[in-house]
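Novice: One structure is given below, represented as structure tokens, and several questions about it will come after.
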Amino acid sequence: MVVSFAVAICSHRSIGTWRANGKSERREANVPTQKDTLKDRLARYRQIKISVVGRKSGRAISIPVWFVLEGKKLYLLPVQGSDTQWYKNVLQHPSIRIDARGVEAEFRAAPITNVKEVKSVVERFREKYGTKDVKRYYSKFDAAALIEVG
């Protein structure tokens, strides 16, 4: 079987043609471009990298996380709830840097501890990532974080 792939770059995505055994299939893939905004990328991807200031070390600490974007609101759910290290750091230093595959911006994170509000964030995560995966990776549901991405 011979497989070839040709790529043509457009303003928003890569368009390719796959060939296997003489058959062609046209596909579009979400490939980031220099023109993408942070919100464009947040709308497309399932994971981002956040950077927070360590409450003891004072150093920047980066970690990949899942998120939910609704309009101008970006929700983060710490995997171990209020015991999660990045969440504890945000409580001390609310500045947080978001990196969505190369497009970065700095914001202030606001903690969410109200039981009903946290439950609402958990439900949003279950809708986006599935109940099984949220149950598999998240162990405590007593805190979340909100970032206004404007």
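Chain labels run A, B, ... following the order of the structure tokens; each chain numbers its residues from 1, and ligands are numbered from 1 in the order shown.
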What's around range 65-70 of chain A at 7 Å? Count only C-alpha atoms, leave out sequence neighbours fewer than 3 positions away in its own chain, and write the answer as a list in words.

Specialist: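 Listed by chain and then number, they are Leu42, Arg46, Gln47, Ile48, Lys49, Lys73, Leu74, Tyr75, Leu76, Arg124 and Phe125 of chain A.
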
Novice: Store the residues of this selection in a file with N, CA and C atoms, as a PDB file, in the first residue's frame.

Specialist:
ATOM      1  N   LEU A  42      -8.775  28.343  22.162  1.00  0.00           N
ATOM      2  CA  LEU A  42      -9.533  27.783  23.283  1.00  0.00           C
ATOM      3  C   LEU A  42     -10.802  27.089  22.793  1.00  0.00           C
ATOM      4  N   ARG A  46      -8.740  20.872  23.632  1.00  0.00           N
ATOM      5  CA  ARG A  46      -9.253  20.264  24.859  1.00  0.00           C
ATOM      6  C   ARG A  46      -8.317  20.460  26.047  1.00  0.00           C
ATOM      7  N   GLN A  47      -7.099  20.893  25.792  1.00  0.00           N
ATOM      8  CA  GLN A  47      -6.123  21.027  26.863  1.00  0.00           C
ATOM      9  C   GLN A  47      -5.300  22.292  26.634  1.00  0.00           C
ATOM     10  N   ILE A  48      -4.970  22.957  27.733  1.00  0.00           N
ATOM     11  CA  ILE A  48      -4.109  24.133  27.686  1.00  0.00           C
ATOM     12  C   ILE A  48      -3.010  23.957  28.720  1.00  0.00           C
ATOM     13  N   LYS A  49      -2.036  24.848  28.666  1.00  0.00           N
ATOM     14  CA  LYS A  49      -1.007  24.864  29.694  1.00  0.00           C
ATOM     15  C   LYS A  49      -1.212  26.126  30.512  1.00  0.00           C
ATOM     16  N   LYS A  73     -15.907  33.301  29.720  1.00  0.00           N
ATOM     17  CA  LYS A  73     -15.522  32.668  30.977  1.00  0.00           C
ATOM     18  C   LYS A  73     -14.799  31.352  30.721  1.00  0.00           C
ATOM     19  N   LEU A  74     -13.627  31.229  31.324  1.00  0.00           N
ATOM     20  CA  LEU A  74     -12.824  30.015  31.236  1.00  0.00           C
ATOM     21  C   LEU A  74     -12.822  29.386  32.630  1.00  0.00           C
ATOM     22  N   TYR A  75     -13.301  28.142  32.700  1.00  0.00           N
ATOM     23  CA  TYR A  75     -13.368  27.435  33.972  1.00  0.00           C
ATOM     24  C   TYR A  75     -12.263  26.396  34.056  1.00  0.00           C
ATOM     25  N   LEU A  76     -11.620  26.330  35.222  1.00  0.00           N
ATOM     26  CA  LEU A  76     -10.623  25.311  35.504  1.00  0.00           C
ATOM     27  C   LEU A  76     -11.106  24.513  36.705  1.00  0.00           C
ATOM     28  N   ARG A 124     -20.255  21.006  33.728  1.00  0.00           N
ATOM     29  CA  ARG A 124     -19.711  21.488  32.446  1.00  0.00           C
ATOM     30  C   ARG A 124     -18.549  20.600  31.982  1.00  0.00           C
ATOM     31  N   PHE A 125     -17.696  20.213  32.926  1.00  0.00           N
ATOM     32  CA  PHE A 125     -16.569  19.316  32.592  1.00  0.00           C
ATOM     33  C   PHE A 125     -17.087  17.949  32.150  1.00  0.00           C
TER      34      PHE A 125
END

Novice: Counting only C-alpha atoms, what is within 10 Å of Ser62 in chain A, bar same-chain residues fewer than 5 positions away, as a compact mmCIF listing (two decimals) with C-alpha atoms, in the first residue's frame?

Specialist:
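What landed in out_1.txt:
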# COMPACT_ATOMS: atom_id res chain seq x y z
CA LYS A 49 -1.01 24.86 29.69
CA ILE A 50 -1.30 27.14 32.70
CA SER A 51 1.58 28.81 34.51
CA VAL A 52 1.26 29.99 38.09
CA VAL A 53 3.69 31.45 40.62
CA GLY A 54 4.76 28.96 43.28
CA TRP A 86 -1.61 24.93 41.29
CA ILE A 96 -2.20 32.97 35.83
CA ARG A 97 -0.75 32.56 32.34
CA ILE A 98 -2.71 30.63 29.73
CA ASP A 99 -0.90 29.00 26.81

Novice: Could you check which of A:Asp142, A:Glu106, A:Asp36, A:Asp83 is closest to Val121 in chain A, using only C-alpha atoms?

Specialist: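 Of the candidates, the smallest distance to Val121 in chain A is held by A:Asp142.
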
Novice: Would you give me, as a ChimeraX atom specification, the residues in range 28-140 of chain A that DSSP reads as helix (DSSP H, G or I)?

Specialist: /A:38-44,81-83,85-92,115-129,131-137

Novice: From the list A:Phe107, A:Tyr137, A:Tyr129, A:Tyr45, which residue is nearest Val149 in chain A when using only C-alpha atoms?

Specialist: A:Phe107

Novice: With distances taken over only C-alpha atoms, which residue among A:Gln80, A:Ala143, A:Glu127, A:Val134 lies nearest Ala110 in chain A?

Specialist: A:Ala143

Novice: Quick one, how far is CA of Asp133 in chain A from CA of Arg41 in chain A?

Specialist: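 CA of Arg41 in chain A lies at a distance of 22.1 Å from CA of Asp133 in chain A.
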
Novice: Mind giving me the straight-line distance from CA of Lys140 in chain A to CA of Val79 in chain A in Å, one decimal?

Specialist: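 We find that CA of Lys140 in chain A and CA of Val79 in chain A lie 6.8 Å from each other.
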
Novice: Which residues, written as a ChimeraX atom specification, have at least one atom at most 8 Å from Arg108 in chain A, with only C-alpha atoms counted and residues fewer than 5 positions away on the same chain left out?

Specialist: /A:94-96,147-148

Novice: Taking the chain letters and numbering used in this document, name the residues of range 104-142 of chain A that DSSP puts in strand (DSSP E or B), as an NGL selection string.

Specialist: :A and (104-112 or 140)

Novice: Any idea what the distance is between CA of Ala60 in chain A and CA of Gly81 in chain A?

Specialist: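 Answer for the CA of Ala60 in chain A to CA of Gly81 in chain A separation: 20.6 Å.
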